[in-house]
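A.B. asks: Please find input.cif (mmCIF, C-alpha atoms) on the next line:
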```cif
data_input
loop_
_atom_site.label_atom_id
_atom_site.label_comp_id
_atom_site.auth_asym_id
_atom_site.auth_seq_id
_atom_site.Cartn_x
_atom_site.Cartn_y
_atom_site.Cartn_z
CA MET A 1 -14.72 -9.31 19.19
CA ASP A 2 -14.51 -6.68 21.84
CA GLU A 3 -15.58 -8.80 24.80
CA SER A 4 -13.09 -7.27 27.21
CA ALA A 5 -14.38 -3.74 26.65
CA SER A 6 -16.80 -4.22 29.51
CA ALA A 7 -14.37 -6.24 31.62
CA PRO A 8 -13.11 -4.82 34.91
CA PRO A 9 -9.97 -2.68 34.72
CA PRO A 10 -6.75 -4.69 34.41
CA ALA A 11 -5.46 -6.00 37.70
CA ARG A 12 -1.81 -5.51 38.58
CA ARG A 13 0.03 -8.68 39.39
CA GLY A 14 0.40 -9.00 43.10
CA GLY A 15 -0.60 -11.10 46.02
CA ASN A 16 -4.04 -11.78 44.62
CA GLY A 17 -3.78 -15.46 44.00
CA ARG A 18 -3.22 -16.85 40.56
CA ALA A 19 0.35 -16.85 39.29
CA GLY A 20 0.85 -15.09 35.97
CA ARG A 21 -2.33 -13.12 36.53
CA ALA A 22 -2.59 -10.74 33.58
CA ALA A 23 -1.49 -7.18 34.19
CA TYR A 24 -3.43 -6.13 31.09
CA ASP A 25 -6.53 -7.40 29.43
CA LEU A 26 -6.39 -9.14 26.09
CA ASP A 27 -7.39 -6.05 24.13
CA ALA A 28 -4.54 -4.05 25.60
CA VAL A 29 -2.10 -6.85 24.78
CA LEU A 30 -3.45 -7.03 21.23
CA ASP A 31 -3.15 -3.26 20.75
CA VAL A 32 0.48 -3.31 21.80
CA ALA A 33 1.25 -6.43 19.75
CA VAL A 34 -0.30 -4.99 16.59
CA ARG A 35 1.60 -1.73 17.02
CA ALA A 36 4.85 -3.67 17.42
CA PHE A 37 4.11 -5.94 14.42
CA ASN A 38 3.38 -2.88 12.26
CA GLU A 39 6.48 -1.00 13.39
CA ARG A 40 9.07 -3.77 13.47
CA GLY A 41 7.50 -6.61 11.53
CA TYR A 42 5.93 -9.79 12.90
CA ASP A 43 9.04 -11.93 12.47
CA ALA A 44 11.27 -9.39 14.21
CA THR A 45 8.98 -9.02 17.25
CA SER A 46 9.59 -11.46 20.12
CA MET A 47 7.27 -12.23 23.02
CA GLY A 48 9.99 -10.78 25.24
CA ALA A 49 9.89 -7.49 23.33
CA LEU A 50 6.09 -7.41 23.68
CA ALA A 51 6.34 -8.01 27.42
CA GLU A 52 8.84 -5.17 27.66
CA ARG A 53 6.55 -2.79 25.75
CA LEU A 54 3.71 -3.73 28.09
CA GLY A 55 5.89 -3.34 31.13
CA THR A 56 4.95 -6.84 32.20
CA SER A 57 6.25 -10.40 32.05
CA LYS A 58 5.96 -12.92 29.23
CA SER A 59 3.84 -15.14 31.50
CA ALA A 60 1.32 -12.31 31.80
CA ILE A 61 0.91 -12.49 28.02
CA TYR A 62 0.78 -16.31 28.01
CA TYR A 63 -2.11 -15.95 30.48
CA HIS A 64 -4.16 -14.78 27.46
CA VAL A 65 -2.69 -16.50 24.42
CA SER A 66 -0.67 -19.55 23.51
CA GLY A 67 1.99 -17.47 21.76
CA LYS A 68 2.85 -14.92 19.10
CA ALA A 69 1.01 -16.78 16.34
CA GLU A 70 -2.23 -16.60 18.33
CA LEU A 71 -1.79 -12.86 18.85
CA LEU A 72 -1.41 -12.49 15.09
CA ARG A 73 -4.44 -14.69 14.45
CA LEU A 74 -6.61 -12.71 16.88
CA ALA A 75 -5.45 -9.40 15.42
CA LEU A 76 -6.18 -10.50 11.84
CA GLU A 77 -9.53 -11.95 12.94
CA ARG A 78 -10.50 -8.50 14.18
CA ALA A 79 -9.80 -6.94 10.77
CA LEU A 80 -11.20 -9.78 8.66
CA GLY A 81 -14.25 -10.52 10.81
CA ASN A 82 -15.35 -6.89 10.64
CA LEU A 83 -14.90 -6.80 6.86
CA GLU A 84 -16.65 -10.13 6.29
CA ARG A 85 -19.67 -9.07 8.34
CA LEU A 86 -20.21 -6.24 5.82
CA LEU A 87 -21.23 -8.88 3.29
CA GLU A 88 -23.89 -10.34 5.59
CA GLN A 89 -26.15 -7.40 6.38
CA PRO A 90 -29.69 -8.79 6.52
CA ALA A 91 -31.21 -5.38 5.73
CA LEU A 92 -29.44 -5.45 2.37
CA ALA A 93 -30.26 -9.01 1.36
CA ASP A 94 -32.84 -7.88 -1.21
CA ALA A 95 -31.18 -4.62 -2.26
CA ALA A 96 -29.84 -4.00 -5.75
CA ALA A 97 -26.18 -4.96 -6.32
CA LEU A 98 -25.10 -1.31 -6.58
CA ASP A 99 -26.69 -0.48 -3.22
CA ARG A 100 -25.04 -3.49 -1.61
CA LEU A 101 -21.72 -2.48 -3.18
CA GLU A 102 -22.01 1.07 -1.90
CA SER A 103 -22.90 -0.19 1.56
CA VAL A 104 -19.88 -2.53 1.62
CA ILE A 105 -17.55 0.28 0.48
CA ARG A 106 -18.87 2.68 3.13
CA GLY A 107 -18.64 -0.07 5.73
CA ALA A 108 -15.07 -0.92 4.69
CA VAL A 109 -14.03 2.71 5.11
CA HIS A 110 -15.49 2.62 8.63
CA VAL A 111 -13.67 -0.62 9.46
CA LEU A 112 -10.39 0.88 8.24
CA VAL A 113 -10.88 4.07 10.23
CA GLU A 114 -12.02 2.28 13.40
CA GLU A 115 -9.54 -0.62 13.28
CA LEU A 116 -6.71 1.12 11.43
CA PRO A 117 -3.71 -0.70 12.99
CA PHE A 118 -5.44 -4.08 12.58
CA VAL A 119 -6.27 -3.54 8.91
CA THR A 120 -2.79 -2.09 8.33
CA LEU A 121 -1.37 -5.36 9.65
CA LEU A 122 -3.67 -7.33 7.34
CA LEU A 123 -2.78 -5.29 4.25
CA ARG A 124 0.97 -5.60 4.83
CA LEU A 125 1.00 -9.39 5.25
CA ARG A 126 3.41 -11.26 3.06
CA GLY A 127 2.24 -14.81 3.83
CA ASN A 128 5.33 -16.21 5.53
CA THR A 129 3.42 -18.30 8.09
CA GLU A 130 0.33 -20.50 8.12
CA VAL A 131 -1.67 -17.89 10.07
CA GLU A 132 -0.73 -15.25 7.47
CA ARG A 133 -1.61 -17.50 4.54
CA GLU A 134 -5.04 -18.28 6.03
CA ALA A 135 -5.70 -14.56 6.52
CA LEU A 136 -4.61 -13.78 2.95
CA ALA A 137 -6.97 -16.48 1.65
CA ARG A 138 -9.86 -14.91 3.59
CA ARG A 139 -8.90 -11.47 2.28
CA ARG A 140 -8.93 -12.81 -1.28
CA GLU A 141 -12.40 -14.29 -0.69
CA PHE A 142 -13.65 -10.94 0.56
CA ASP A 143 -12.17 -9.22 -2.52
CA HIS A 144 -13.84 -11.79 -4.77
CA ALA A 145 -17.21 -11.22 -3.11
CA VAL A 146 -16.89 -7.48 -3.76
CA ALA A 147 -15.79 -8.12 -7.36
CA LYS A 148 -18.96 -10.20 -7.77
CA LEU A 149 -21.05 -7.26 -6.58
CA VAL A 150 -19.32 -5.04 -9.17
CA GLU A 151 -20.07 -7.61 -11.89
CA GLU A 152 -23.71 -7.87 -10.79
CA ALA A 153 -24.13 -4.09 -10.81
CA MET A 154 -22.67 -4.02 -14.33
CA ALA A 155 -25.01 -6.81 -15.44
CA ASP A 156 -27.93 -4.83 -13.93
CA GLY A 157 -26.92 -1.87 -16.10
CA ALA A 158 -26.34 0.23 -12.97
CA LEU A 159 -22.59 0.50 -13.57
CA ARG A 160 -20.86 1.13 -16.89
CA SER A 161 -19.35 -2.01 -18.31
CA ASP A 162 -16.59 -0.49 -20.45
CA VAL A 163 -14.25 -0.82 -17.47
CA ASP A 164 -13.13 -4.34 -16.65
CA ALA A 165 -14.93 -5.43 -13.43
CA ARG A 166 -11.78 -6.91 -11.91
CA THR A 167 -9.76 -3.76 -12.58
CA ALA A 168 -12.57 -1.56 -11.26
CA THR A 169 -12.70 -3.62 -8.06
CA ARG A 170 -8.95 -3.31 -7.59
CA LEU A 171 -9.06 0.45 -8.07
CA LEU A 172 -11.95 0.67 -5.59
CA PHE A 173 -9.89 -1.20 -3.01
CA GLY A 174 -6.91 0.94 -3.98
CA MET A 175 -8.85 4.00 -2.85
CA VAL A 176 -10.22 2.40 0.33
CA ASN A 177 -7.02 0.63 1.38
CA SER A 178 -4.92 3.76 0.79
CA LEU A 179 -6.39 5.01 4.08
CA VAL A 180 -3.80 2.97 5.98
CA GLU A 181 -1.13 5.15 4.34
CA TRP A 182 -2.60 8.58 4.95
CA TYR A 183 -5.57 8.58 7.32
CA ARG A 184 -4.77 9.95 10.75
CA PRO A 185 -7.36 9.63 13.53
CA GLY A 186 -8.21 13.03 14.97
CA GLY A 187 -7.02 14.69 11.78
CA GLY A 188 -10.36 16.39 11.27
CA LEU A 189 -11.74 13.99 8.68
CA THR A 190 -14.51 11.63 9.82
CA ALA A 191 -15.09 8.13 8.47
CA ASP A 192 -18.34 9.37 6.90
CA GLN A 193 -16.54 12.17 5.08
CA VAL A 194 -13.98 9.74 3.68
CA ALA A 195 -16.71 7.28 2.73
CA ASP A 196 -18.62 10.07 0.93
CA ALA A 197 -15.48 11.07 -1.00
CA VAL A 198 -14.77 7.47 -2.05
CA VAL A 199 -18.36 6.85 -3.14
CA VAL A 200 -18.64 10.16 -5.03
CA MET A 201 -15.35 9.64 -6.82
CA ALA A 202 -15.96 5.98 -7.65
CA PHE A 203 -19.57 6.28 -8.82
CA GLU A 204 -20.11 9.89 -9.91
CA GLY A 205 -16.59 10.93 -10.83
CA LEU A 206 -14.89 14.21 -10.01
CA ARG A 207 -15.73 16.00 -13.24
CA ARG A 208 -18.34 18.70 -12.80
CA MET B 1 17.99 6.97 -17.05
CA ASP B 2 18.65 3.86 -19.02
CA GLU B 3 22.04 4.83 -20.37
CA SER B 4 23.42 1.34 -20.26
CA ALA B 5 20.64 -0.07 -22.45
CA SER B 6 22.78 0.63 -25.46
CA ALA B 7 26.06 -0.30 -23.78
CA PRO B 8 27.96 -3.38 -24.93
CA PRO B 9 27.00 -6.64 -23.24
CA PRO B 10 28.50 -7.07 -19.77
CA ALA B 11 32.05 -8.36 -19.81
CA ARG B 12 32.91 -11.35 -17.66
CA ARG B 13 35.70 -10.76 -15.24
CA GLY B 14 38.89 -12.22 -16.57
CA GLY B 15 42.32 -11.35 -17.77
CA ASN B 16 41.20 -8.21 -19.54
CA GLY B 17 43.02 -5.65 -17.49
CA ARG B 18 41.31 -3.71 -14.76
CA ALA B 19 40.86 -5.46 -11.43
CA GLY B 20 37.28 -5.71 -10.20
CA ARG B 21 36.00 -5.23 -13.72
CA ALA B 22 32.21 -5.45 -13.51
CA ALA B 23 30.64 -8.74 -14.43
CA TYR B 24 27.33 -6.90 -14.86
CA ASP B 25 26.43 -3.42 -15.96
CA LEU B 26 24.95 -0.96 -13.50
CA ASP B 27 21.37 -1.55 -14.62
CA ALA B 28 21.65 -5.27 -13.99
CA VAL B 29 23.10 -4.60 -10.53
CA LEU B 30 20.27 -2.15 -9.80
CA ASP B 31 17.61 -4.61 -10.93
CA VAL B 32 18.94 -7.30 -8.61
CA ALA B 33 19.41 -4.84 -5.73
CA VAL B 34 15.87 -3.51 -6.02
CA ARG B 35 14.43 -7.01 -6.13
CA ALA B 36 16.39 -7.92 -2.99
CA PHE B 37 15.39 -4.70 -1.19
CA ASN B 38 11.72 -5.36 -2.00
CA GLU B 39 11.86 -9.01 -0.95
CA ARG B 40 14.01 -8.84 2.19
CA GLY B 41 14.07 -5.14 3.08
CA TYR B 42 16.86 -2.65 2.56
CA ASP B 43 18.29 -2.98 6.07
CA ALA B 44 18.38 -6.77 5.90
CA THR B 45 20.18 -6.87 2.51
CA SER B 46 23.98 -6.85 2.65
CA MET B 47 26.36 -6.11 -0.20
CA GLY B 48 27.56 -9.70 0.22
CA ALA B 49 24.02 -11.00 -0.32
CA LEU B 50 23.72 -8.84 -3.46
CA ALA B 51 27.02 -10.18 -4.80
CA GLU B 52 25.77 -13.71 -4.17
CA ARG B 53 22.52 -13.06 -6.02
CA LEU B 54 24.51 -11.65 -8.94
CA GLY B 55 26.93 -14.56 -8.85
CA THR B 56 29.79 -12.10 -8.63
CA SER B 57 32.06 -10.48 -6.04
CA LYS B 58 31.40 -7.45 -3.88
CA SER B 59 34.24 -5.63 -5.65
CA ALA B 60 32.37 -6.05 -8.94
CA ILE B 61 29.51 -4.07 -7.38
CA TYR B 62 31.84 -1.47 -5.87
CA TYR B 63 33.14 -0.94 -9.42
CA HIS B 64 29.80 0.83 -10.06
CA VAL B 65 28.73 2.31 -6.75
CA SER B 66 30.20 3.46 -3.47
CA GLY B 67 27.92 1.18 -1.46
CA LYS B 68 24.42 0.06 -0.62
CA ALA B 69 23.16 3.59 0.05
CA GLU B 70 24.15 4.64 -3.46
CA LEU B 71 22.29 1.67 -4.94
CA LEU B 72 19.21 2.77 -3.00
CA ARG B 73 19.66 6.38 -4.11
CA LEU B 74 20.00 5.39 -7.78
CA ALA B 75 16.97 3.10 -7.58
CA LEU B 76 14.81 5.78 -5.98
CA GLU B 77 16.08 8.36 -8.49
CA ARG B 78 14.76 6.16 -11.27
CA ALA B 79 11.27 6.14 -9.76
CA LEU B 80 11.21 9.78 -8.64
CA GLY B 81 12.91 11.26 -11.71
CA ASN B 82 10.38 9.61 -14.00
CA LEU B 83 7.46 10.85 -11.88
CA GLU B 84 8.84 14.39 -11.55
CA ARG B 85 9.34 14.71 -15.31
CA LEU B 86 5.57 14.23 -15.71
CA LEU B 87 5.12 17.68 -14.19
CA GLU B 88 7.44 19.32 -16.70
CA GLN B 89 5.92 18.45 -20.06
CA PRO B 90 6.41 21.53 -22.28
CA ALA B 91 3.48 20.54 -24.51
CA LEU B 92 1.17 20.90 -21.51
CA ALA B 93 2.49 24.22 -20.19
CA ASP B 94 -0.55 26.14 -21.43
CA ALA B 95 -3.14 23.38 -21.04
CA ALA B 96 -6.05 23.59 -18.60
CA ALA B 97 -5.41 22.22 -15.12
CA LEU B 98 -7.73 19.25 -15.68
CA ASP B 99 -5.86 18.26 -18.87
CA ARG B 100 -2.52 18.54 -17.08
CA LEU B 101 -3.91 16.48 -14.20
CA GLU B 102 -5.17 13.77 -16.53
CA SER B 103 -1.83 13.69 -18.32
CA VAL B 104 0.07 13.33 -15.04
CA ILE B 105 -2.23 10.51 -13.88
CA ARG B 106 -1.84 8.64 -17.18
CA GLY B 107 1.90 9.20 -17.06
CA ALA B 108 2.12 8.00 -13.47
CA VAL B 109 0.33 4.75 -14.40
CA HIS B 110 2.90 4.25 -17.16
CA VAL B 111 5.81 4.91 -14.78
CA LEU B 112 4.38 2.40 -12.30
CA VAL B 113 3.88 -0.25 -14.97
CA GLU B 114 7.27 0.29 -16.61
CA GLU B 115 9.32 0.72 -13.41
CA LEU B 116 7.20 -1.41 -11.09
CA PRO B 117 9.94 -2.71 -8.74
CA PHE B 118 11.49 0.77 -8.47
CA VAL B 119 8.20 2.47 -7.59
CA THR B 120 7.34 -0.40 -5.22
CA LEU B 121 10.59 0.33 -3.38
CA LEU B 122 9.70 4.04 -3.23
CA LEU B 123 6.18 3.44 -1.93
CA ARG B 124 7.34 1.07 0.82
CA LEU B 125 10.03 3.37 2.23
CA ARG B 126 9.84 4.04 5.95
CA GLY B 127 12.45 6.80 6.14
CA ASN B 128 15.06 5.10 8.30
CA THR B 129 18.08 6.58 6.48
CA GLU B 130 19.04 9.94 5.01
CA VAL B 131 18.63 8.63 1.44
CA GLU B 132 15.14 7.40 2.30
CA ARG B 133 14.15 10.67 3.97
CA GLU B 134 15.30 12.67 0.94
CA ALA B 135 13.27 10.43 -1.36
CA LEU B 136 10.20 10.74 0.85
CA ALA B 137 10.53 14.53 0.79
CA ARG B 138 10.66 14.46 -3.04
CA ARG B 139 7.64 12.15 -3.11
CA ARG B 140 5.73 14.56 -0.88
CA GLU B 141 6.62 17.45 -3.21
CA PHE B 142 5.33 15.48 -6.18
CA ASP B 143 2.10 14.71 -4.30
CA HIS B 144 1.71 18.41 -3.43
CA ALA B 145 2.18 19.42 -7.07
CA VAL B 146 -0.60 17.02 -8.08
CA ALA B 147 -2.82 18.29 -5.26
CA LYS B 148 -2.29 21.80 -6.62
CA LEU B 149 -3.49 20.65 -10.06
CA VAL B 150 -6.62 19.20 -8.42
CA GLU B 151 -7.23 22.51 -6.63
CA GLU B 152 -6.72 24.48 -9.84
CA ALA B 153 -9.14 22.25 -11.75
CA MET B 154 -11.70 22.77 -8.98
CA ALA B 155 -11.15 26.55 -9.07
CA ASP B 156 -11.61 26.41 -12.87
CA GLY B 157 -14.98 24.74 -12.31
CA ALA B 158 -13.80 21.68 -14.25
CA LEU B 159 -13.91 19.42 -11.18
CA ARG B 160 -16.62 19.34 -8.52
CA SER B 161 -15.54 21.07 -5.36
CA ASP B 162 -17.77 19.27 -2.86
CA VAL B 163 -14.94 16.77 -2.34
CA ASP B 164 -11.96 18.04 -0.37
CA ALA B 165 -9.06 18.51 -2.83
CA ARG B 166 -6.54 16.89 -0.51
CA THR B 167 -8.73 13.83 0.03
CA ALA B 168 -9.45 13.58 -3.69
CA THR B 169 -5.72 13.66 -4.43
CA ARG B 170 -5.03 10.94 -1.89
CA LEU B 171 -7.76 8.72 -3.33
CA LEU B 172 -6.38 9.33 -6.84
CA PHE B 173 -2.95 8.20 -5.68
CA GLY B 174 -4.61 5.35 -3.83
CA MET B 175 -5.89 4.04 -7.15
CA VAL B 176 -2.65 4.61 -9.05
CA ASN B 177 -0.31 3.36 -6.32
CA SER B 178 -2.40 0.23 -5.75
CA LEU B 179 -0.83 -1.07 -8.96
CA VAL B 180 2.25 -2.13 -7.02
CA GLU B 181 -0.01 -4.54 -5.10
CA TRP B 182 -1.87 -6.16 -7.96
CA TYR B 183 -0.44 -5.31 -11.40
CA ARG B 184 1.45 -8.17 -12.98
CA PRO B 185 3.47 -7.50 -16.16
CA GLY B 186 2.35 -9.82 -18.91
CA GLY B 187 -0.99 -10.34 -17.19
CA GLY B 188 -2.90 -9.17 -20.26
CA LEU B 189 -3.59 -5.62 -19.07
CA THR B 190 -1.62 -2.82 -20.75
CA ALA B 191 -0.58 0.43 -19.09
CA ASP B 192 -3.01 2.28 -21.39
CA GLN B 193 -5.92 0.08 -20.31
CA VAL B 194 -5.13 0.67 -16.64
CA ALA B 195 -4.72 4.42 -17.25
CA ASP B 196 -8.10 4.51 -19.05
CA ALA B 197 -9.77 2.71 -16.14
CA VAL B 198 -8.26 5.10 -13.56
CA VAL B 199 -9.22 8.20 -15.55
CA VAL B 200 -12.77 6.98 -16.27
CA MET B 201 -13.36 6.02 -12.66
CA ALA B 202 -11.82 9.19 -11.19
CA PHE B 203 -13.41 11.71 -13.54
CA GLU B 204 -16.57 10.12 -14.97
CA GLY B 205 -17.41 7.63 -12.25
CA LEU B 206 -18.58 4.07 -12.71
CA ARG B 207 -22.30 4.78 -12.55
CA ARG B 208 -24.01 4.44 -15.92
#
```
Please rewrite the model in this file as structure tokens.
C.D. replies:
Amino acid sequence: MDESASAPPPARRGGNGRAGRAAYDLDAVLDVAVRAFNERGYDATSMGALAERLGTSKSAIYYHVSGKAELLRLALERALGNLERLLEQPALADAAALDRLESVIRGAVHVLVEELPFVTLLLRLRGNTEVEREALARRREFDHAVAKLVEEAMADGALRSDVDARTATRLLFGMVNSLVEWYRPGGGLTADQVADAVVVMAFEGLRR
Amino acid sequence: MDESASAPPPARRGGNGRAGRAAYDLDAVLDVAVRAFNERGYDATSMGALAERLGTSKSAIYYHVSGKAELLRLALERALGNLERLLEQPALADAAALDRLESVIRGAVHVLVEELPFVTLLLRLRGNTEVEREALARRREFDHAVAKLVEEAMADGALRSDVDARTATRLLFGMVNSLVEWYRPGGGLTADQVADAVVVMAFEGLRR
């Protein structure tokens, strides 16, 4: 996902050969694109506007991607890929459903905190384009996988079953996904503290 | 709020006197406006587009309101007024903080279910106009009042205090507000069932 993190610093365009040589690496382009999509909407953001925000040319962006749709796809892949990998933790393969569920919830809080603009983009999608519809389908599959964990934990007798599993799953995601509305990086609350609060509230309840 | 519910059926424009006589009552205009604002965005919705959706003329809308900003203000008033009244229930004036908190949460679920498009509009506001900023300020005040109830219930010893009150309040609203994303009227789940699920999860927790 983060292959360019160890890449050399971005080269300024200049007399160093290749035309359209990128002034910024792909991650920097993605960061700016996602911020623009979140602020102005995907439809309202042109490649020209992205180039302006980056202080570069459109061709410098086309050096990395085929167009706006690919930027969106890469950005959503970052959010979805990180969430989907939470379901495939080998260490948890034999754990009880409740433990797997708790691990996925804690992991999801971390993904939201660490990739906040990317998950914000995912959660605000309306499904106007093919790329958006594919991402929404993957998000639904992820939600279904978590709902299945809730059902399993209820069947195990680990979770109370007088709350509808589907509703419980939606309320769980309501808590976790609300982070995109209120969590501010550097605001003094770590991902672990948020994850603890979500897990305590969801499983133990707030009543003393 | 719903003063026109008992008003006579909307009169068609015709030769019955006053020019620009409304083809629809104010509530019908508001319903259509809120749907348009939610679907296309407030900024992108013109009075002409609203008139077209209503199958009427712009002057028929101006019969009721001074313009688009007043439609937005009235729509947000419906959501906010209903939420704010939850804090002023005389029967609860002397109740313990936890009972008041539970009553506000149950009431908020009902407001969301019964005024879903209006609360959806409120929750998606970005604050681009004066009307929006005023509504956001009122929403923040409501959130603060609920946070104070959480703090009081913790001080009473009724709620555990190892979860930060502010975070707990945000997660509570995360659950309640998530309804605008997934609740579908007529989907077989009543407001009371949703309220029960929220209250059980928040206060008792899902663990058996």
A.B. asks: Set the cut-off to 7 Å and count only C-alpha atoms: what are the residues of chain B that reach chain A? Output as a PDB file with C-alpha atoms, in the frame of the given file.
C.D. replies:
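Written out: iface.pdb:
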```
ATOM      1  CA  GLY B 157     -14.980  24.740 -12.310  1.00  0.00           C
ATOM      2  CA  ALA B 158     -13.800  21.680 -14.250  1.00  0.00           C
ATOM      3  CA  LEU B 159     -13.910  19.420 -11.180  1.00  0.00           C
ATOM      4  CA  ARG B 160     -16.620  19.340  -8.520  1.00  0.00           C
ATOM      5  CA  VAL B 163     -14.940  16.770  -2.340  1.00  0.00           C
ATOM      6  CA  LEU B 171      -7.760   8.720  -3.330  1.00  0.00           C
ATOM      7  CA  GLY B 174      -4.610   5.350  -3.830  1.00  0.00           C
ATOM      8  CA  MET B 175      -5.890   4.040  -7.150  1.00  0.00           C
ATOM      9  CA  SER B 178      -2.400   0.230  -5.750  1.00  0.00           C
ATOM     10  CA  ALA B 197      -9.770   2.710 -16.140  1.00  0.00           C
ATOM     11  CA  MET B 201     -13.360   6.020 -12.660  1.00  0.00           C
ATOM     12  CA  ALA B 202     -11.820   9.190 -11.190  1.00  0.00           C
ATOM     13  CA  PHE B 203     -13.410  11.710 -13.540  1.00  0.00           C
ATOM     14  CA  GLU B 204     -16.570  10.120 -14.970  1.00  0.00           C
ATOM     15  CA  GLY B 205     -17.410   7.630 -12.250  1.00  0.00           C
ATOM     16  CA  LEU B 206     -18.580   4.070 -12.710  1.00  0.00           C
ATOM     17  CA  ARG B 207     -22.300   4.780 -12.550  1.00  0.00           C
ATOM     18  CA  ARG B 208     -24.010   4.440 -15.920  1.00  0.00           C
TER      19      ARG B 208
END
```
A.B. asks: Could you expand the PyMOL selection byres ((chain B and resi 47) around 9) into the explicit residues it covers here, written as a PDB file with C-alpha atoms, keeping the file's coordinate frame?
C.D. replies:
```pdb
ATOM      1  CA  ALA B  33      19.410  -4.840  -5.730  1.00  0.00           C
ATOM      2  CA  THR B  45      20.180  -6.870   2.510  1.00  0.00           C
ATOM      3  CA  SER B  46      23.980  -6.850   2.650  1.00  0.00           C
ATOM      4  CA  GLY B  48      27.560  -9.700   0.220  1.00  0.00           C
ATOM      5  CA  ALA B  49      24.020 -11.000  -0.320  1.00  0.00           C
ATOM      6  CA  LEU B  50      23.720  -8.840  -3.460  1.00  0.00           C
ATOM      7  CA  ALA B  51      27.020 -10.180  -4.800  1.00  0.00           C
ATOM      8  CA  GLU B  52      25.770 -13.710  -4.170  1.00  0.00           C
ATOM      9  CA  LYS B  58      31.400  -7.450  -3.880  1.00  0.00           C
ATOM     10  CA  ILE B  61      29.510  -4.070  -7.380  1.00  0.00           C
ATOM     11  CA  GLY B  67      27.920   1.180  -1.460  1.00  0.00           C
ATOM     12  CA  LYS B  68      24.420   0.060  -0.620  1.00  0.00           C
TER      13      LYS B  68
END
```
A.B. asks: To one decimal place in Å, what is the distance between atom CA of Ala93 of chain B and atom CA of Ala75 of chain B?
C.D. replies: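 A separation of 28.5 Å between them.
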A.B. asks: Taking every listed atom of segment 105-112 of chain A and adding 5 Å to each side, what centre and edge lengths in Å (one decimal) does the axis-aligned box have, as AutoDock Vina command-line options?
C.D. replies:
```
--center_x -14.6 --center_y 0.9 --center_z 5.0 --size_x 18.5 --size_y 13.6 --size_z 19.0
```
A.B. asks: Suppose a student applies the PyMOL selection byres ((chain B and resi 29) around 12) to this structure; what residues should they get, written as an MDAnalysis selection string?
C.D. replies: chainID B and resid 4 10 22:28 30:36 47 50:58 60:65 67:68 70:72 74:75
A.B. asks: For this structure, which residues satisfy the selection - the PyMOL selection byres ((chain B and resi 80-82) around 8) - when it is evaluated on the file as given? I want them as a ChimeraX atom specification.
C.D. replies: /B:76-79,83-86,111,119,135,138-139
A.B. asks: Would you mind reading off the distance between atom CA of Pro117 of chain A and atom CA of Arg73 of chain A, one decimal, in Å?
C.D. replies: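 Atom CA of Pro117 of chain A sits 14.1 Å away from atom CA of Arg73 of chain A.
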A.B. asks: Can you work out the spacing between atom CA of Val131 of chain B and atom CA of His144 of chain B in Å, to one decimal?
C.D. replies: 20.1 Å
A.B. asks: Using only C-alpha atoms for the distances, tell me which of A:Asp99, A:Asp143, A:Asp192, A:Asp156 is nearest to Val113 of chain A.
C.D. replies: A:Asp192
